[in-house]
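Novice: Here's a structure for you.
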Amino acid sequence: MISTLKRGLELYLSSIILYCLGVIIILHGPYYPEVLTEQAKRAIVYLFSGYILLAPIYYLITVSKYSENKPFLIFKSINRNIKNLVTKGKRIGLLKEEKVAFLFIIVKLFYLPLMINFFLNNLNSFQFQLGEQINYYALILTIIFTIDTGIFAFGYSFEFKTLKNIVKSVEPTFFGWFVALICYPPFNTLVVNNIPWGSNDYAIFSSELYTSIARIFIVLLLVIYLWASVALGPKASNLTNRGIVTKFPYSIVRHPAYISKNIVWWLTLIPIINWKLAGGLLLWTIIYYFRAITEERHLKADSDYVKYCKKVKWKFIPGVY
């Protein structure tokens, strides 16, 4: 009983210390204070406060089953390396699970504040639109993006065996991280500021009929995009393997969200397309192509994904590629 309480306390304190440092970085670091809304900052504080109150109950209930978590692994690694450095004058390095823990904490620290911010902005936009004369197209898009970012915010927030979303591995290469991170602020802003961007979900075509037809296709593609996020559920997060998902639309192609998003971008560029804008969007399409390639290279270390690839042969477009 004493050993169980001791381990539960170790898990709790290591988590509280690490996540407290994360909250401090988010609220007082060089980037997030200027980017996050006050609502998002409060949400992060509330989330951390809830964790402080509820985590002891969770760890006491589960400590006999799950003896380690990622913050605990990180502090165990630091402690072991410091001891070895003091006694033998050299570092031991990281065990595989410790490296995964370090990398996922970085993933979580980067993406979670952004997703909370995106989700709350979308939710506010949804509530605002309900109070105005309703534009159903705009409302549908807002609903799609609200649900999508909410799913990812949840995925980055929680990691439980009961949800079957424990992180098994994290993207191991610099290039894999590069093509993923460049798609999100602040890195995508650097690209957009220097490379022309013209796609717009609210693009107007040459006639009202063409605009209506295009918007039907856009909604259908974005429904597939959202369906991919729903299929991921609690496993939703970038740069990680949290278990292989094979449900629709992943049962049709291996990267349904990427191809849907890119087709929408190209479709909405048509009314204003020129060589510069096409070149800029081509660059983003190439980036997303390499996101898919690096993800597959990472996931193929998992035998379940190798089996999945044999079953679902098409990366982007059924019968084509």
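Just remember, in the structure tokens the first chain shown is A, the second B, etc., residues are 1-based per chain, and ligands are 1-based in the order shown.
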Dump as JSON lines the rows for residues of stretch 228-281 of chain A within 8 Å of stretch 183-196 of chain A: closest atom pair and distance in Å with one decimal, only C-alpha atoms counted, ordered by chain and rising residue number.

Specialist:
{"residue": "A:Lys276", "atom": "CA", "partner": "A:Pro196", "partner_atom": "CA", "distance": 6.4}
{"residue": "A:Leu277", "atom": "CA", "partner": "A:Pro196", "partner_atom": "CA", "distance": 5.3}
{"residue": "A:Gly279", "atom": "CA", "partner": "A:Pro196", "partner_atom": "CA", "distance": 7.9}
{"residue": "A:Gly280", "atom": "CA", "partner": "A:Pro196", "partner_atom": "CA", "distance": 5.2}
{"residue": "A:Leu281", "atom": "CA", "partner": "A:Pro196", "partner_atom": "CA", "distance": 7.8}

Novice: Which neighbours of A:Ile218 fall inside 9 Å, counting only C-alpha atoms, when residues of the same chain fewer than 6 positions from it are skipped, and could you give them as a ChimeraX atom specification?

Specialist: /A:201,260,263-264,267-268

Novice: Suppose you want the space between atom CA of A:Gln129 and atom CA of A:Thr146; what is it in Å?

Specialist: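 Those two atoms sit 12.9 Å apart.
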
Novice: Per DSSP on the backbone, filter stretch 124-307 of chain A down to the residues in helix (DSSP H, G or I) and report them as a PyMOL selection string.

Specialist: chain A and resi 124-130+136-157+161-163+174-181+187-192+208-235+256-272+275-299+303-307

Novice: What lies within 10 Å of A:Tyr111 using only C-alpha atoms, ignoring chain neighbours under 2 positions off, as a compact mmCIF listing (two decimals) with N, CA and C atoms, in the first residue's frame?

Specialist:
# COMPACT_ATOMS: atom_id res chain seq x y z
N ILE A 105 6.10 15.55 -25.29
CA ILE A 105 5.88 16.75 -24.49
C ILE A 105 6.12 18.00 -25.34
N ILE A 106 7.12 17.95 -26.22
CA ILE A 106 7.37 19.08 -27.13
C ILE A 106 6.20 19.24 -28.10
N VAL A 107 5.72 18.12 -28.66
CA VAL A 107 4.56 18.14 -29.56
C VAL A 107 3.36 18.76 -28.84
N LYS A 108 3.13 18.31 -27.61
CA LYS A 108 1.99 18.79 -26.83
C LYS A 108 2.12 20.28 -26.52
N LEU A 109 3.31 20.71 -26.13
CA LEU A 109 3.54 22.11 -25.78
C LEU A 109 3.33 23.01 -26.98
N PRO A 113 -1.77 24.55 -27.20
CA PRO A 113 -2.26 25.94 -27.11
C PRO A 113 -2.87 26.43 -28.42
N LEU A 114 -2.26 26.05 -29.54
CA LEU A 114 -2.79 26.47 -30.85
C LEU A 114 -4.18 25.89 -31.08
N MET A 115 -4.36 24.61 -30.77
CA MET A 115 -5.65 23.97 -31.03
C MET A 115 -6.74 24.52 -30.11
N ILE A 116 -6.39 24.80 -28.87
CA ILE A 116 -7.37 25.42 -27.96
C ILE A 116 -7.76 26.79 -28.50
N ASN A 117 -6.76 27.55 -28.97
CA ASN A 117 -7.01 28.88 -29.52
C ASN A 117 -7.89 28.79 -30.77
N PHE A 152 -8.90 17.70 -32.08
CA PHE A 152 -7.45 17.74 -31.91
C PHE A 152 -7.05 18.34 -30.56
N ALA A 153 -7.80 19.33 -30.09
CA ALA A 153 -7.52 19.88 -28.76
C ALA A 153 -7.68 18.80 -27.69
N TYR A 156 -4.68 16.25 -27.92
CA TYR A 156 -3.43 16.73 -27.33
C TYR A 156 -3.54 16.85 -25.81
N SER A 157 -4.75 16.99 -25.30
CA SER A 157 -4.94 17.18 -23.86
C SER A 157 -4.86 15.89 -23.08
N LEU A 181 5.58 21.22 -38.82
CA LEU A 181 5.52 22.48 -38.09
C LEU A 181 5.33 23.68 -39.01
N TYR A 184 1.88 25.35 -39.52
CA TYR A 184 1.18 25.99 -38.39
C TYR A 184 1.91 27.26 -37.98
N PRO A 185 1.15 28.20 -37.33
CA PRO A 185 1.80 29.41 -36.82
C PRO A 185 2.88 29.06 -35.79
N SER A 237 -3.54 13.68 -33.36
CA SER A 237 -2.38 14.55 -33.04
C SER A 237 -1.35 14.38 -34.15
N ASN A 238 -0.58 15.41 -34.36
CA ASN A 238 0.46 15.38 -35.39
C ASN A 238 1.72 14.71 -34.85

Novice: Env of A:Phe175: 12 Å cut, atoms = only C-alpha atoms, seq-sep filter 2 positions within chain, self excluded. Answer as a short mmCIF file (atom, residue, chain, number, x, y, z; two decimals) with N, CA and C atoms, in the first residue's frame.

Specialist:
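The new file around_8.cif reads:
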data_model
loop_
_atom_site.label_atom_id
_atom_site.label_comp_id
_atom_site.auth_asym_id
_atom_site.auth_seq_id
_atom_site.Cartn_x
_atom_site.Cartn_y
_atom_site.Cartn_z
N GLU A 171 7.53 11.07 -34.47
CA GLU A 171 8.35 11.27 -35.67
C GLU A 171 9.82 11.49 -35.29
N PRO A 172 10.73 10.66 -35.81
CA PRO A 172 12.13 10.72 -35.37
C PRO A 172 13.05 11.63 -36.18
N THR A 173 12.56 12.18 -37.31
CA THR A 173 13.47 12.92 -38.20
C THR A 173 13.22 14.42 -38.17
N TRP A 177 9.56 16.67 -38.82
CA TRP A 177 9.11 17.77 -37.96
C TRP A 177 8.99 19.06 -38.77
N PHE A 178 9.94 19.29 -39.65
CA PHE A 178 9.95 20.53 -40.44
C PHE A 178 8.68 20.68 -41.26
N VAL A 179 8.31 19.64 -42.02
CA VAL A 179 7.15 19.75 -42.92
C VAL A 179 5.84 19.78 -42.14
N ALA A 180 5.84 19.28 -40.90
CA ALA A 180 4.63 19.36 -40.07
C ALA A 180 4.50 20.74 -39.43
N LEU A 181 5.58 21.22 -38.82
CA LEU A 181 5.52 22.48 -38.09
C LEU A 181 5.33 23.68 -39.01
N ILE A 182 5.85 23.60 -40.24
CA ILE A 182 5.75 24.74 -41.15
C ILE A 182 4.31 25.00 -41.58
N LEU A 239 2.51 14.18 -35.76
CA LEU A 239 3.87 13.69 -35.48
C LEU A 239 3.92 12.47 -34.57
N ILE A 287 4.65 20.40 -49.80
CA ILE A 287 4.86 20.26 -48.35
C ILE A 287 3.94 19.18 -47.78
N PHE A 290 5.07 15.73 -48.71
CA PHE A 290 6.16 15.24 -47.87
C PHE A 290 5.70 14.97 -46.44
N ARG A 291 4.67 15.67 -45.99
CA ARG A 291 4.09 15.31 -44.69
C ARG A 291 3.58 13.87 -44.74
N ALA A 292 2.88 13.54 -45.82
CA ALA A 292 2.36 12.18 -45.97
C ALA A 292 3.49 11.16 -46.05
N ILE A 293 4.51 11.47 -46.82
CA ILE A 293 5.63 10.54 -47.01
C ILE A 293 6.38 10.31 -45.70
N THR A 294 6.67 11.39 -44.96
CA THR A 294 7.40 11.23 -43.69
C THR A 294 6.54 10.52 -42.65
N GLU A 295 5.25 10.78 -42.65
CA GLU A 295 4.36 10.08 -41.73
C GLU A 295 4.37 8.58 -42.02
N ARG A 297 6.70 6.83 -43.50
CA ARG A 297 8.01 6.28 -43.14
C ARG A 297 8.07 6.02 -41.64
N HIS A 298 7.53 6.94 -40.86
CA HIS A 298 7.50 6.79 -39.41
C HIS A 298 6.58 5.63 -39.00
#

Novice: DSSP on the backbone: what in stretch 37-263 of chain A comes out strand (DSSP E), as a PyMOL selection string?

Specialist: chain A and resi 169-170+240-241

Novice: Please measure the separation of atom CA of A:Ile78 and atom CA of A:Phe104, giving the value in Å to one decimal.

Specialist: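 Value for the atom CA of A:Ile78-atom CA of A:Phe104 distance: 16.0 Å.
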
Novice: With only C-alpha atoms as the basis for distance, which of A:Arg215, A:His255, A:Lys83, A:Lys99 is at the shortest distance from A:Ala138?

Specialist: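 Of all the options, A:Arg215 lies closest to A:Ala138.
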
Novice: Excluding stretch 205-210 of chain A and any residue of its chain fewer than 6 positions from it, enumerate the residues within 12 Å of it, using only C-alpha atoms, and give them as number ranges by chain.

Specialist: A: 216-217, 267-273

Novice: State, in Å with one decimal place, the distance from atom CA of A:Leu95 to atom CA of A:Asn79.

Specialist: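 Result for atom CA of A:Leu95 versus atom CA of A:Asn79: 13.1 Å, one decimal.
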
Novice: In terms of the shortest atom-to-atom distance over only C-alpha atoms, which of A:Tyr225, A:Phe119, A:Leu130, A:Asn81 is closest to A:Thr37?

Specialist: A:Phe119

Novice: So which residues touch stretch 301-318 of chain A within 10 Å, counting only C-alpha atoms, skipping near sequence neighbours fewer than 5 positions away, as a PyMOL selection string?

Specialist: chain A and resi 168-169+241+243-246+250-260+289+292-293+296
